[in-house]
Structures are given as C-alpha cells and as structure tokens.
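> So here's my_file.cif (mmCIF, C-alpha atoms).
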```cif
data_protein
#
loop_
_atom_site.label_atom_id
_atom_site.label_comp_id
_atom_site.auth_asym_id
_atom_site.auth_seq_id
_atom_site.Cartn_x
_atom_site.Cartn_y
_atom_site.Cartn_z
CA MET Q 1061 8.64 -8.80 22.44
CA ARG Q 1062 6.79 -5.52 22.28
CA ARG Q 1063 7.55 -2.86 19.71
CA THR Q 1064 5.96 0.53 19.39
CA ASN Q 1065 7.58 1.70 16.18
CA LEU Q 1066 7.16 0.00 12.84
CA ALA Q 1067 10.55 1.32 11.74
CA GLU Q 1068 12.23 -0.93 14.31
CA LEU Q 1069 11.23 -4.00 12.31
CA PRO Q 1070 14.07 -5.05 9.99
CA CYS Q 1071 11.75 -5.07 6.99
CA SER Q 1072 11.39 -2.71 4.06
CA LEU Q 1073 7.62 -3.11 4.12
CA ALA Q 1074 7.54 -1.88 7.71
CA ARG Q 1075 9.81 1.02 6.77
CA SER Q 1076 7.57 1.95 3.84
CA LEU Q 1077 4.51 1.81 6.08
CA GLN Q 1078 6.27 3.93 8.68
CA ILE Q 1079 6.30 6.67 6.04
CA VAL Q 1080 3.01 6.15 4.18
CA GLY Q 1081 1.06 3.71 6.35
CA GLU Q 1082 -0.93 6.14 8.46
CA ARG Q 1083 -4.60 6.53 7.72
CA TRP Q 1084 -5.17 9.11 4.93
CA THR Q 1085 -1.51 9.49 3.95
CA LEU Q 1086 -1.74 7.66 0.61
CA LEU Q 1087 -4.95 9.50 -0.26
CA VAL Q 1088 -3.24 12.82 0.44
CA LEU Q 1089 -0.35 11.76 -1.78
CA ARG Q 1090 -2.77 10.67 -4.51
CA ASP Q 1091 -4.46 14.08 -4.41
CA ILE Q 1092 -1.11 15.86 -4.66
CA CYS Q 1093 -0.07 13.65 -7.59
CA LEU Q 1094 -3.35 14.32 -9.41
CA GLY Q 1095 -3.17 18.08 -9.00
CA TRP Q 1096 -4.90 19.01 -5.76
CA ASP Q 1097 -1.71 20.68 -4.62
CA ARG Q 1098 -2.80 23.18 -1.97
CA PHE Q 1099 -3.95 22.65 1.60
CA GLU Q 1100 -7.46 24.00 1.06
CA ALA Q 1101 -7.94 22.03 -2.15
CA ILE Q 1102 -6.92 18.73 -0.50
CA HIS Q 1103 -9.01 19.54 2.55
CA ASP Q 1104 -12.09 20.25 0.45
CA HIS Q 1105 -11.57 17.27 -1.83
CA LEU Q 1106 -10.94 14.60 0.82
CA GLY Q 1107 -13.08 15.98 3.61
CA ILE Q 1108 -10.23 15.28 6.02
CA ALA Q 1109 -9.88 17.11 9.36
CA ARG Q 1110 -7.45 20.03 9.14
CA ASN Q 1111 -5.20 18.89 11.98
CA ILE Q 1112 -4.85 15.41 10.46
CA LEU Q 1113 -4.12 16.85 7.02
CA LYS Q 1114 -1.44 19.10 8.50
CA THR Q 1115 0.20 16.16 10.29
CA ARG Q 1116 0.12 13.97 7.18
CA LEU Q 1117 1.61 16.72 4.99
CA ASP Q 1118 4.35 17.34 7.56
CA THR Q 1119 5.24 13.62 7.55
CA LEU Q 1120 5.32 13.47 3.74
CA VAL Q 1121 7.56 16.56 3.61
CA GLU Q 1122 9.81 15.29 6.42
CA HIS Q 1123 10.41 12.03 4.56
CA GLU Q 1124 10.93 13.86 1.25
CA VAL Q 1125 8.01 12.15 -0.45
CA VAL Q 1126 6.49 15.57 -1.12
CA GLU Q 1127 8.06 19.00 -1.38
CA ARG Q 1128 6.50 22.20 -0.12
CA THR Q 1129 6.88 25.45 -2.08
CA LEU Q 1130 5.90 28.95 -0.96
CA TYR Q 1131 3.60 30.50 -3.55
CA GLN Q 1132 2.35 33.51 -1.57
CA GLU Q 1133 4.18 35.47 1.12
CA HIS Q 1134 1.46 37.49 2.92
CA PRO Q 1135 0.02 35.39 4.46
CA PRO Q 1136 2.39 32.48 3.72
CA ARG Q 1137 0.74 29.86 1.51
CA TYR Q 1138 2.32 26.68 0.17
CA GLU Q 1139 1.76 24.25 -2.59
CA TYR Q 1140 2.84 20.63 -2.63
CA GLY Q 1141 4.34 18.44 -5.31
CA PRO Q 1142 5.67 14.87 -5.33
CA THR Q 1143 9.44 14.31 -5.30
CA VAL Q 1144 11.04 11.47 -7.29
CA LYS Q 1145 10.64 9.33 -4.16
CA GLY Q 1146 6.95 10.24 -4.10
CA ARG Q 1147 6.41 9.70 -7.81
CA GLU Q 1148 7.71 6.17 -7.44
CA LEU Q 1149 4.80 5.44 -5.11
CA MET Q 1150 2.26 6.34 -7.77
CA PRO Q 1151 2.31 2.90 -9.46
CA ILE Q 1152 1.73 1.33 -6.04
CA LEU Q 1153 -1.29 3.58 -5.58
CA LEU Q 1154 -2.63 2.43 -8.95
CA ALA Q 1155 -2.00 -1.22 -8.05
CA MET Q 1156 -4.12 -0.66 -4.93
CA VAL Q 1157 -6.76 1.01 -7.12
CA ALA Q 1158 -6.79 -2.10 -9.36
CA TRP Q 1159 -7.22 -4.35 -6.32
CA GLY Q 1160 -10.02 -2.14 -4.98
CA ASP Q 1161 -11.70 -2.08 -8.40
CA ARG Q 1162 -11.67 -5.86 -8.43
CA TRP Q 1163 -12.65 -6.59 -4.85
CA ALA Q 1164 -14.37 -3.58 -3.34
CA SER Q 1165 -16.17 -1.69 -6.13
CA PRO Q 1166 -19.20 -3.79 -7.15
CA ASP Q 1167 -20.66 -0.97 -9.28
CA GLY Q 1168 -17.51 -0.82 -11.42
CA PRO Q 1169 -14.41 1.35 -11.21
CA PRO Q 1170 -15.13 4.87 -9.93
CA MET Q 1171 -12.15 6.15 -11.89
CA LEU Q 1172 -10.61 4.93 -15.11
CA PHE Q 1173 -7.02 5.56 -16.13
CA THR Q 1174 -5.48 5.71 -19.57
CA HIS Q 1175 -1.90 4.78 -20.34
CA GLU Q 1176 -1.11 7.54 -22.83
CA THR Q 1177 1.96 5.68 -24.08
CA CYS Q 1178 -0.08 2.79 -25.53
CA GLY Q 1179 -3.57 4.30 -25.53
CA HIS Q 1180 -5.21 1.49 -23.54
CA ASP Q 1181 -7.03 1.62 -20.25
CA LEU Q 1182 -4.36 1.42 -17.57
CA VAL Q 1183 -4.67 -1.49 -15.18
CA ALA Q 1184 -1.58 -1.64 -12.99
CA THR Q 1185 -0.15 -5.14 -12.77
CA ILE Q 1186 2.88 -6.28 -10.82
CA VAL Q 1187 5.55 -8.49 -12.35
CA CYS Q 1188 9.07 -9.74 -11.73
CA GLU Q 1189 11.50 -7.08 -12.96
CA ALA Q 1190 13.93 -9.75 -14.21
CA CYS Q 1191 11.63 -11.88 -16.39
CA GLY Q 1192 8.48 -9.75 -16.70
CA GLY Q 1193 6.35 -12.65 -15.55
CA PRO Q 1194 3.76 -12.80 -12.77
CA PHE Q 1195 4.53 -14.16 -9.34
CA ASP Q 1196 2.55 -15.28 -6.34
CA LEU Q 1197 3.08 -16.91 -2.98
CA GLN Q 1198 3.79 -20.30 -4.56
CA THR Q 1199 6.54 -19.03 -6.84
CA THR Q 1200 8.31 -16.76 -4.34
CA SER Q 1201 10.84 -17.69 -1.70
CA PHE Q 1202 12.68 -15.42 0.69
CA ARG Q 1203 15.95 -15.28 2.59
CA PRO Q 1204 17.82 -12.79 4.80
CA GLY Q 1205 19.46 -9.88 2.97
CA PRO Q 1206 22.50 -7.70 3.74
CA GLY Q 1207 20.42 -5.13 5.63
CA LEU Q 1208 19.04 -7.60 8.18
CA THR Q 1209 19.96 -6.46 11.68
CA MET Z 945 -17.13 18.67 3.51
CA ARG Z 946 -16.16 16.40 6.37
CA ARG Z 947 -15.99 12.64 6.07
CA THR Z 948 -15.14 10.19 8.78
CA ASN Z 949 -15.09 7.02 6.72
CA LEU Z 950 -12.66 6.39 3.91
CA ALA Z 951 -15.16 4.02 2.28
CA GLU Z 952 -17.45 6.98 1.59
CA LEU Z 953 -14.97 8.33 -0.94
CA PRO Z 954 -15.90 7.14 -4.46
CA CYS Z 955 -12.41 5.79 -5.06
CA SER Z 956 -11.04 2.28 -5.17
CA LEU Z 957 -7.85 3.38 -3.42
CA ALA Z 958 -9.92 4.64 -0.49
CA ARG Z 959 -11.88 1.38 -0.46
CA SER Z 960 -8.68 -0.67 -0.46
CA LEU Z 961 -7.29 1.42 2.37
CA GLN Z 962 -10.53 1.02 4.31
CA ILE Z 963 -9.71 -2.71 4.38
CA VAL Z 964 -5.91 -2.77 4.67
CA GLY Z 965 -4.95 0.84 5.49
CA GLU Z 966 -4.88 0.65 9.27
CA ARG Z 967 -1.52 0.61 10.97
CA TRP Z 968 -0.11 -2.95 11.20
CA THR Z 969 -2.70 -4.58 8.93
CA LEU Z 970 -0.41 -5.15 5.96
CA LEU Z 971 2.35 -6.46 8.23
CA VAL Z 972 -0.09 -8.92 9.78
CA LEU Z 973 -1.12 -10.03 6.29
CA ARG Z 974 2.51 -10.38 5.27
CA ASP Z 975 3.20 -12.60 8.28
CA ILE Z 976 0.21 -14.79 7.46
CA CYS Z 977 1.31 -15.08 3.83
CA LEU Z 978 4.84 -16.05 4.86
CA GLY Z 979 3.72 -18.73 7.30
CA TRP Z 980 3.29 -17.11 10.72
CA ASP Z 981 -0.28 -18.34 10.74
CA ARG Z 982 -1.28 -18.43 14.42
CA PHE Z 983 -2.07 -15.62 16.83
CA GLU Z 984 0.85 -16.30 19.16
CA ALA Z 985 3.32 -16.63 16.29
CA ILE Z 986 2.27 -13.31 14.74
CA HIS Z 987 2.25 -11.66 18.16
CA ASP Z 988 5.76 -12.85 18.94
CA HIS Z 989 7.11 -12.06 15.47
CA LEU Z 990 5.73 -8.54 15.11
CA GLY Z 991 5.78 -7.46 18.74
CA ILE Z 992 2.29 -6.01 18.26
CA ALA Z 993 -0.09 -5.47 21.18
CA ARG Z 994 -2.58 -8.34 21.56
CA ASN Z 995 -5.70 -6.16 21.40
CA ILE Z 996 -4.50 -4.48 18.19
CA LEU Z 997 -3.60 -7.82 16.62
CA LYS Z 998 -7.06 -9.18 17.48
CA THR Z 999 -8.76 -6.17 15.89
CA ARG Z 1000 -6.63 -6.38 12.74
CA LEU Z 1001 -7.27 -10.11 12.34
CA ASP Z 1002 -11.01 -9.57 12.80
CA THR Z 1003 -10.99 -6.89 10.08
CA LEU Z 1004 -9.05 -9.11 7.67
CA VAL Z 1005 -11.45 -12.01 8.29
CA GLU Z 1006 -14.52 -9.78 8.03
CA HIS Z 1007 -13.41 -8.51 4.62
CA GLU Z 1008 -12.49 -12.04 3.48
CA VAL Z 1009 -8.82 -11.18 2.95
CA VAL Z 1010 -7.89 -13.90 5.43
CA GLU Z 1011 -9.76 -17.01 6.55
CA ARG Z 1012 -9.75 -18.40 10.06
CA THR Z 1013 -9.70 -22.15 10.68
CA LEU Z 1014 -10.16 -23.97 13.98
CA TYR Z 1015 -7.20 -26.28 14.56
CA GLN Z 1016 -7.79 -27.13 18.24
CA GLU Z 1017 -11.10 -27.35 20.10
CA HIS Z 1018 -10.18 -27.27 23.83
CA PRO Z 1019 -9.40 -24.46 24.22
CA PRO Z 1020 -10.38 -23.14 20.78
CA ARG Z 1021 -7.36 -22.13 18.71
CA TYR Z 1022 -7.32 -20.83 15.18
CA GLU Z 1023 -4.94 -20.53 12.31
CA TYR Z 1024 -5.10 -18.00 9.52
CA GLY Z 1025 -4.51 -18.24 5.80
CA PRO Z 1026 -4.88 -15.78 2.92
CA THR Z 1027 -7.91 -16.09 0.63
CA VAL Z 1028 -7.63 -15.44 -3.11
CA LYS Z 1029 -8.51 -11.81 -2.34
CA GLY Z 1030 -5.66 -11.74 0.17
CA ARG Z 1031 -3.16 -13.49 -2.09
CA GLU Z 1032 -3.73 -10.80 -4.70
CA LEU Z 1033 -2.39 -8.25 -2.23
CA MET Z 1034 0.93 -10.05 -1.95
CA PRO Z 1035 2.45 -8.45 -5.09
CA ILE Z 1036 1.45 -5.04 -3.70
CA LEU Z 1037 3.27 -5.89 -0.47
CA LEU Z 1038 6.37 -6.79 -2.48
CA ALA Z 1039 6.11 -3.57 -4.50
CA MET Z 1040 6.13 -1.68 -1.18
CA VAL Z 1041 9.12 -3.77 -0.11
CA ALA Z 1042 10.93 -2.75 -3.31
CA TRP Z 1043 10.15 0.93 -2.65
CA GLY Z 1044 11.33 0.61 0.96
CA ASP Z 1045 14.51 -1.19 -0.17
CA ARG Z 1046 15.24 1.69 -2.52
CA TRP Z 1047 14.34 4.61 -0.31
CA ALA Z 1048 14.36 3.56 3.34
CA SER Z 1049 16.93 0.77 3.77
CA PRO Z 1050 20.40 2.38 3.45
CA ASP Z 1051 22.15 -0.80 4.66
CA GLY Z 1052 20.65 -2.84 1.84
CA PRO Z 1053 17.52 -5.00 1.67
CA PRO Z 1054 16.75 -6.77 4.96
CA MET Z 1055 15.05 -9.55 3.00
CA LEU Z 1056 15.71 -10.89 -0.47
CA PHE Z 1057 13.14 -12.70 -2.56
CA THR Z 1058 13.63 -15.23 -5.33
CA HIS Z 1059 11.24 -15.69 -8.24
CA GLU Z 1060 11.34 -19.48 -8.45
CA THR Z 1061 9.81 -19.41 -11.93
CA CYS Z 1062 12.83 -17.67 -13.48
CA GLY Z 1063 15.41 -18.13 -10.73
CA HIS Z 1064 16.30 -14.44 -10.42
CA ASP Z 1065 16.07 -12.18 -7.42
CA LEU Z 1066 12.51 -10.91 -7.34
CA VAL Z 1067 12.08 -7.17 -7.52
CA ALA Z 1068 8.41 -6.34 -7.92
CA THR Z 1069 7.82 -3.80 -10.66
CA ILE Z 1070 4.52 -2.34 -11.78
CA VAL Z 1071 3.55 -2.10 -15.44
CA CYS Z 1072 0.55 -1.47 -17.68
CA GLU Z 1073 -1.34 -4.74 -18.07
CA ALA Z 1074 -2.19 -3.96 -21.71
CA CYS Z 1075 1.29 -3.18 -23.08
CA GLY Z 1076 3.62 -4.39 -20.34
CA GLY Z 1077 5.37 -1.03 -20.31
CA PRO Z 1078 6.10 1.30 -17.40
CA PHE Z 1079 3.94 4.28 -16.58
CA ASP Z 1080 4.25 7.36 -14.45
CA LEU Z 1081 2.39 10.56 -13.69
CA GLN Z 1082 3.29 12.05 -17.06
CA THR Z 1083 1.95 9.14 -19.10
CA THR Z 1084 -1.27 8.57 -17.16
CA SER Z 1085 -4.58 10.39 -17.46
CA PHE Z 1086 -7.81 9.73 -15.59
CA ARG Z 1087 -11.54 10.14 -16.08
CA PRO Z 1088 -14.73 9.19 -14.25
CA GLY Z 1089 -15.72 5.52 -14.43
CA PRO Z 1090 -19.08 3.69 -14.20
CA GLY Z 1091 -18.84 3.29 -10.43
CA LEU Z 1092 -18.54 7.03 -9.69
CA THR Z 1093 -21.38 8.08 -7.42
#
```
As structure tokens - that is how I would like this structure written.


Amino acid sequence: MRRTNLAELPCSLARSLQIVGERWTLLVLRDICLGWDRFEAIHDHLGIARNILKTRLDTLVEHEVVERTLYQEHPPRYEYGPTVKGRELMPILLAMVAWGDRWASPDGPPMLFTHETCGHDLVATIVCEACGGPFDLQTTSFRPGPGLT
Amino acid sequence: MRRTNLAELPCSLARSLQIVGERWTLLVLRDICLGWDRFEAIHDHLGIARNILKTRLDTLVEHEVVERTLYQEHPPRYEYGPTVKGRELMPILLAMVAWGDRWASPDGPPMLFTHETCGHDLVATIVCEACGGPFDLQTTSFRPGPGLT
C-alpha cells in the first residue's frame, strides 16, 4: 500500500505531523511564540530561506495554529501570533527541548526556562493526565478508538 | 544570515528536529515502538516509499534512537528496536497524539491508549518537572544557558 499524504493515516500523530511535521515549521512556531512575530525578524533569526518561511507561515495560518494580523497598510505588513491551538503546542516544543538538552547538547542546555508559577527551572515532563504518573512503552497499551476508519 | 542545517542553531529544539524532524521519521519510530519492527512490516503498515523508509531508518540508527539487529543471515534481514534515547521520545509522540486528537480528529481519537499503571485512558499531558503544575507561554520565561554558542 502506497500513501503520499500523512493525513490519510488514521492516526492523530500523523495528523499532527501533517500540520507541524515539515522541516522548520516547529522552529517557526517557536519563534512566533517567543516574540519574533514578523517575517523579517523570523527570517533573520532562523536564517531560513524566504520562500520556505513563506510556505511554512501559510501552512500554520491555514491550519489556524497561527493568526496573521495586518500592522501596516502601505506596503502591507503582517505580524503573527499563536492561536489557542498553537499555544497548546508550546509544551510539546519544550518537551522536545528537554529531550534535545539531554541527548543532543553535550555542552549543556543552550537555553534555560523558568516556570514563573513555582520559580524553578522549567523542565517539561510528560505524565498521565489521570494519575499524574510517568508512563513508558511497558506501561502503555493501545486499542482502536471511535475515529478509526 | 542563511543556514542550511538545523543543527547549527544553538537550540535543543533544532537539534532534536535535526534527528527526528524529517517527514515520516516520528511515524517510523512510532511503528517500531508499537511492534512493527521489520522493514517490510513498517513499509506495509505506513505505505511509505522504500527509499524514504531506508533513509529514515539509517538516520534513526545513526543517531542511536533505534538499534538494528540481524535476525536472519541468508539473505541478511534486520529488526529494529528503540534504544533508551528512542524510548524517551515515546511520551512526546503521545503528547502529539493528544494534540491531534483534540485539534485534528473530529470523529474522535483513532487510537486509545491505556495507562496500565493506573488503569485509566492515557492522555499525555506536559507539566513542570519541579512542581508538577501546568505551564504556558504566560508563565514561562527564558534566558541563555551554558551551552549557548
């Protein structure tokens, strides 16, 4: 069986990756979340090619992860901000940061985060919403859900 | 400034994405974690082109996210399993599943997971490791870390 579109897989991971799984997309979203909210600022900060940045921003806007607002009319200029849907990806970004800190940053974390609510360094950790405990492959089983087609 | 390699960005998110950010890579890892552990099984399950699957598996092995074991000598055949580094990505996969369930699966979750430790449906949620509480853009600040170059 040959598929060409991730979204055809009956899997919410595939559907998430269809939206944010292209190269650079999550870095663009990270920049927007952290305040680089204009095209030129993101372009300068990431060093990404302009045509790729335009495509990635269009995808994020199309899927309502990011919203685009006109801030200047002549010539038209836009700024970008995360929607609620986009903000809910931010903890996933920080979980990937924590994994990269642990496995791919031998000189130590390039960036440190503070959880202002408790005052500690923020290391994003993933737990079971029901019990608050950790889980791994050994303690997780899976079965078909109502959306399986 | 123009970069061509995500790994050049002094950022653990970029470094993580350098390893697992290519299209299909996280789906291949998911399959391996869930037991589709041979080339033909992954190929049939995902419907991914053989040359792309080979490249993705090579990248995962190269970065020690997955290990390759010979299970048949004539002709040589391999099976794949996640390393500790790879297993630690599994909660991130399930956090992306939870986001996709919420935002991209209008017919309901295609797959349901059970946390065998507590017996409840497993919805992966991301919290601050220090206090166990939630965080978002408003409650998170950032600063340079020791690995910033």

> From the set Z:Leu970, Z:Ala958, Z:Val1071, Z:Leu953, which residue has the shortest atom-to-atom contact distance to Q:Val1157, counting all atoms listed in the file?

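Under the stated criterion, the closest residue is Z:Ala958.
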
> Give me the least-squares superposed chain Z (reference chain Q; all C-alpha atoms paired in order) as a short mmCIF file (atom, residue, chain, number, x, y, z; two decimals) with C-alpha atoms, in the frame of the given file.


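Contents of out-v9.cif, freshly written:
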```cif
data_model
loop_
_atom_site.label_atom_id
_atom_site.label_comp_id
_atom_site.auth_asym_id
_atom_site.auth_seq_id
_atom_site.Cartn_x
_atom_site.Cartn_y
_atom_site.Cartn_z
CA MET Z 945 8.64 -8.78 22.41
CA ARG Z 946 6.80 -5.49 22.23
CA ARG Z 947 7.57 -2.82 19.67
CA THR Z 948 5.93 0.54 19.35
CA ASN Z 949 7.60 1.71 16.17
CA LEU Z 950 7.18 0.00 12.84
CA ALA Z 951 10.58 1.32 11.73
CA GLU Z 952 12.25 -0.91 14.31
CA LEU Z 953 11.24 -3.99 12.33
CA PRO Z 954 14.09 -5.03 9.99
CA CYS Z 955 11.78 -5.06 6.99
CA SER Z 956 11.40 -2.70 4.07
CA LEU Z 957 7.62 -3.12 4.12
CA ALA Z 958 7.55 -1.89 7.71
CA ARG Z 959 9.81 1.03 6.77
CA SER Z 960 7.57 1.96 3.85
CA LEU Z 961 4.52 1.81 6.08
CA GLN Z 962 6.28 3.94 8.69
CA ILE Z 963 6.30 6.68 6.03
CA VAL Z 964 3.01 6.15 4.18
CA GLY Z 965 1.07 3.69 6.37
CA GLU Z 966 -0.92 6.12 8.47
CA ARG Z 967 -4.59 6.52 7.71
CA TRP Z 968 -5.17 9.11 4.94
CA THR Z 969 -1.51 9.49 3.94
CA LEU Z 970 -1.75 7.66 0.63
CA LEU Z 971 -4.96 9.50 -0.26
CA VAL Z 972 -3.25 12.82 0.44
CA LEU Z 973 -0.36 11.75 -1.78
CA ARG Z 974 -2.76 10.68 -4.49
CA ASP Z 975 -4.46 14.08 -4.41
CA ILE Z 976 -1.12 15.85 -4.67
CA CYS Z 977 -0.08 13.65 -7.59
CA LEU Z 978 -3.35 14.31 -9.41
CA GLY Z 979 -3.16 18.08 -9.00
CA TRP Z 980 -4.91 19.01 -5.75
CA ASP Z 981 -1.72 20.67 -4.62
CA ARG Z 982 -2.79 23.19 -1.96
CA PHE Z 983 -3.96 22.65 1.60
CA GLU Z 984 -7.46 24.02 1.05
CA ALA Z 985 -7.94 22.03 -2.15
CA ILE Z 986 -6.92 18.74 -0.50
CA HIS Z 987 -9.02 19.57 2.55
CA ASP Z 988 -12.10 20.26 0.46
CA HIS Z 989 -11.57 17.27 -1.84
CA LEU Z 990 -10.94 14.62 0.82
CA GLY Z 991 -13.09 15.99 3.61
CA ILE Z 992 -10.24 15.28 6.03
CA ALA Z 993 -9.89 17.12 9.35
CA ARG Z 994 -7.46 20.05 9.13
CA ASN Z 995 -5.22 18.90 11.99
CA ILE Z 996 -4.87 15.42 10.47
CA LEU Z 997 -4.13 16.85 7.03
CA LYS Z 998 -1.44 19.10 8.52
CA THR Z 999 0.20 16.16 10.29
CA ARG Z 1000 0.12 13.98 7.17
CA LEU Z 1001 1.60 16.73 5.00
CA ASP Z 1002 4.35 17.34 7.55
CA THR Z 1003 5.22 13.62 7.55
CA LEU Z 1004 5.32 13.47 3.75
CA VAL Z 1005 7.56 16.55 3.61
CA GLU Z 1006 9.80 15.29 6.41
CA HIS Z 1007 10.40 12.02 4.57
CA GLU Z 1008 10.94 13.85 1.26
CA VAL Z 1009 8.00 12.13 -0.45
CA VAL Z 1010 6.48 15.55 -1.11
CA GLU Z 1011 8.07 18.99 -1.36
CA ARG Z 1012 6.50 22.19 -0.12
CA THR Z 1013 6.88 25.44 -2.06
CA LEU Z 1014 5.91 28.94 -0.96
CA TYR Z 1015 3.61 30.47 -3.57
CA GLN Z 1016 2.35 33.49 -1.58
CA GLU Z 1017 4.16 35.45 1.12
CA HIS Z 1018 1.44 37.48 2.92
CA PRO Z 1019 0.03 35.40 4.45
CA PRO Z 1020 2.37 32.49 3.72
CA ARG Z 1021 0.75 29.85 1.52
CA TYR Z 1022 2.30 26.69 0.19
CA GLU Z 1023 1.76 24.24 -2.59
CA TYR Z 1024 2.85 20.63 -2.63
CA GLY Z 1025 4.35 18.43 -5.30
CA PRO Z 1026 5.67 14.86 -5.33
CA THR Z 1027 9.44 14.31 -5.30
CA VAL Z 1028 11.03 11.47 -7.28
CA LYS Z 1029 10.63 9.33 -4.15
CA GLY Z 1030 6.95 10.24 -4.10
CA ARG Z 1031 6.40 9.71 -7.82
CA GLU Z 1032 7.70 6.17 -7.44
CA LEU Z 1033 4.79 5.45 -5.11
CA MET Z 1034 2.25 6.34 -7.78
CA PRO Z 1035 2.31 2.89 -9.47
CA ILE Z 1036 1.73 1.32 -6.04
CA LEU Z 1037 -1.29 3.58 -5.58
CA LEU Z 1038 -2.63 2.43 -8.95
CA ALA Z 1039 -2.00 -1.22 -8.05
CA MET Z 1040 -4.13 -0.65 -4.93
CA VAL Z 1041 -6.75 1.01 -7.13
CA ALA Z 1042 -6.79 -2.08 -9.36
CA TRP Z 1043 -7.22 -4.35 -6.32
CA GLY Z 1044 -10.02 -2.14 -4.98
CA ASP Z 1045 -11.71 -2.08 -8.41
CA ARG Z 1046 -11.66 -5.87 -8.44
CA TRP Z 1047 -12.65 -6.58 -4.87
CA ALA Z 1048 -14.36 -3.56 -3.34
CA SER Z 1049 -16.16 -1.67 -6.13
CA PRO Z 1050 -19.19 -3.79 -7.15
CA ASP Z 1051 -20.64 -0.96 -9.28
CA GLY Z 1052 -17.52 -0.81 -11.42
CA PRO Z 1053 -14.40 1.37 -11.20
CA PRO Z 1054 -15.13 4.88 -9.92
CA MET Z 1055 -12.14 6.16 -11.89
CA LEU Z 1056 -10.61 4.94 -15.12
CA PHE Z 1057 -7.02 5.57 -16.13
CA THR Z 1058 -5.48 5.72 -19.58
CA HIS Z 1059 -1.89 4.78 -20.35
CA GLU Z 1060 -1.10 7.54 -22.84
CA THR Z 1061 1.97 5.67 -24.07
CA CYS Z 1062 -0.07 2.79 -25.51
CA GLY Z 1063 -3.56 4.31 -25.50
CA HIS Z 1064 -5.19 1.49 -23.53
CA ASP Z 1065 -7.02 1.62 -20.24
CA LEU Z 1066 -4.36 1.41 -17.56
CA VAL Z 1067 -4.66 -1.49 -15.17
CA ALA Z 1068 -1.57 -1.64 -12.98
CA THR Z 1069 -0.16 -5.14 -12.76
CA ILE Z 1070 2.87 -6.28 -10.82
CA VAL Z 1071 5.54 -8.51 -12.35
CA CYS Z 1072 9.07 -9.76 -11.73
CA GLU Z 1073 11.49 -7.11 -12.97
CA ALA Z 1074 13.94 -9.76 -14.22
CA CYS Z 1075 11.62 -11.88 -16.38
CA GLY Z 1076 8.50 -9.75 -16.70
CA GLY Z 1077 6.36 -12.66 -15.55
CA PRO Z 1078 3.77 -12.82 -12.78
CA PHE Z 1079 4.54 -14.17 -9.34
CA ASP Z 1080 2.55 -15.30 -6.36
CA LEU Z 1081 3.06 -16.92 -2.98
CA GLN Z 1082 3.78 -20.30 -4.56
CA THR Z 1083 6.53 -19.04 -6.85
CA THR Z 1084 8.30 -16.78 -4.36
CA SER Z 1085 10.84 -17.70 -1.70
CA PHE Z 1086 12.67 -15.41 0.70
CA ARG Z 1087 15.94 -15.28 2.61
CA PRO Z 1088 17.82 -12.80 4.79
CA GLY Z 1089 19.47 -9.90 2.96
CA PRO Z 1090 22.50 -7.69 3.74
CA GLY Z 1091 20.41 -5.13 5.62
CA LEU Z 1092 19.03 -7.61 8.18
CA THR Z 1093 19.99 -6.47 11.66
#
```

> Check what the PyMOL selection byres ((chain Q and resi 1110) around 12) selects in the file above and give those residues as a VMD selection string.

(chain Q and resid 1084 1099 to 1104 1106 to 1109 1111 to 1117) or (chain Z and resid 945 to 947)

> Hey, list the chain Z side of the contact with chain Q: 6 Å cut-off, all atoms listed in the file, answer as JSON, numbers by chain.

{"Z": [945, 946, 947, 954, 955, 956, 957, 960, 991, 1040, 1041, 1044, 1045, 1051, 1052, 1053, 1054, 1055, 1056, 1057, 1058, 1059, 1060, 1066, 1067, 1068, 1069, 1070, 1071, 1072, 1073, 1083, 1084, 1085, 1086, 1087, 1088, 1089, 1090, 1091, 1092]}

> Between atom CA of Z:Asp975 and atom CA of Q:Val1088, measure the distance and give it in Å to one decimal.

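These two atoms are separated by 27.4 Å.
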
> Which distance in Å separates atom CA of Z:Gly1025 and atom CA of Z:Thr1003, to one decimal?

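Separation of atom CA of Z:Gly1025 and atom CA of Z:Thr1003: 13.8 Å.
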
> Grab the atom CA of Q:Val1126 to atom CA of Z:Leu973 distance for me, in Å with one decimal place.

27.7 Å

> Return the padded bounding box of stretch 1051-1059 of chain Z as AutoDock Vina command-line options: axis-aligned, built from all atoms listed in the file, 8 Å added on each side, with centre and edge lengths in Å to one decimal.


```
--center_x 16.7 --center_y -8.2 --center_z -1.6 --size_x 26.9 --size_y 30.9 --size_z 29.2
```

> With only C-alpha atoms as the counted atoms, please give the residues lying no more than 12 Å from Q:Gln1132, apart from itself and same-chain residues fewer than 6 positions off, as a PDB file with C-alpha atoms, keeping the file's coordinate frame.


```pdb
ATOM      1  CA  ARG Q1098      -2.800  23.180  -1.970  1.00  0.00           C
ATOM      2  CA  TYR Q1138       2.320  26.680   0.170  1.00  0.00           C
ATOM      3  CA  GLU Q1139       1.760  24.250  -2.590  1.00  0.00           C
TER       4      GLU Q1139
END
```
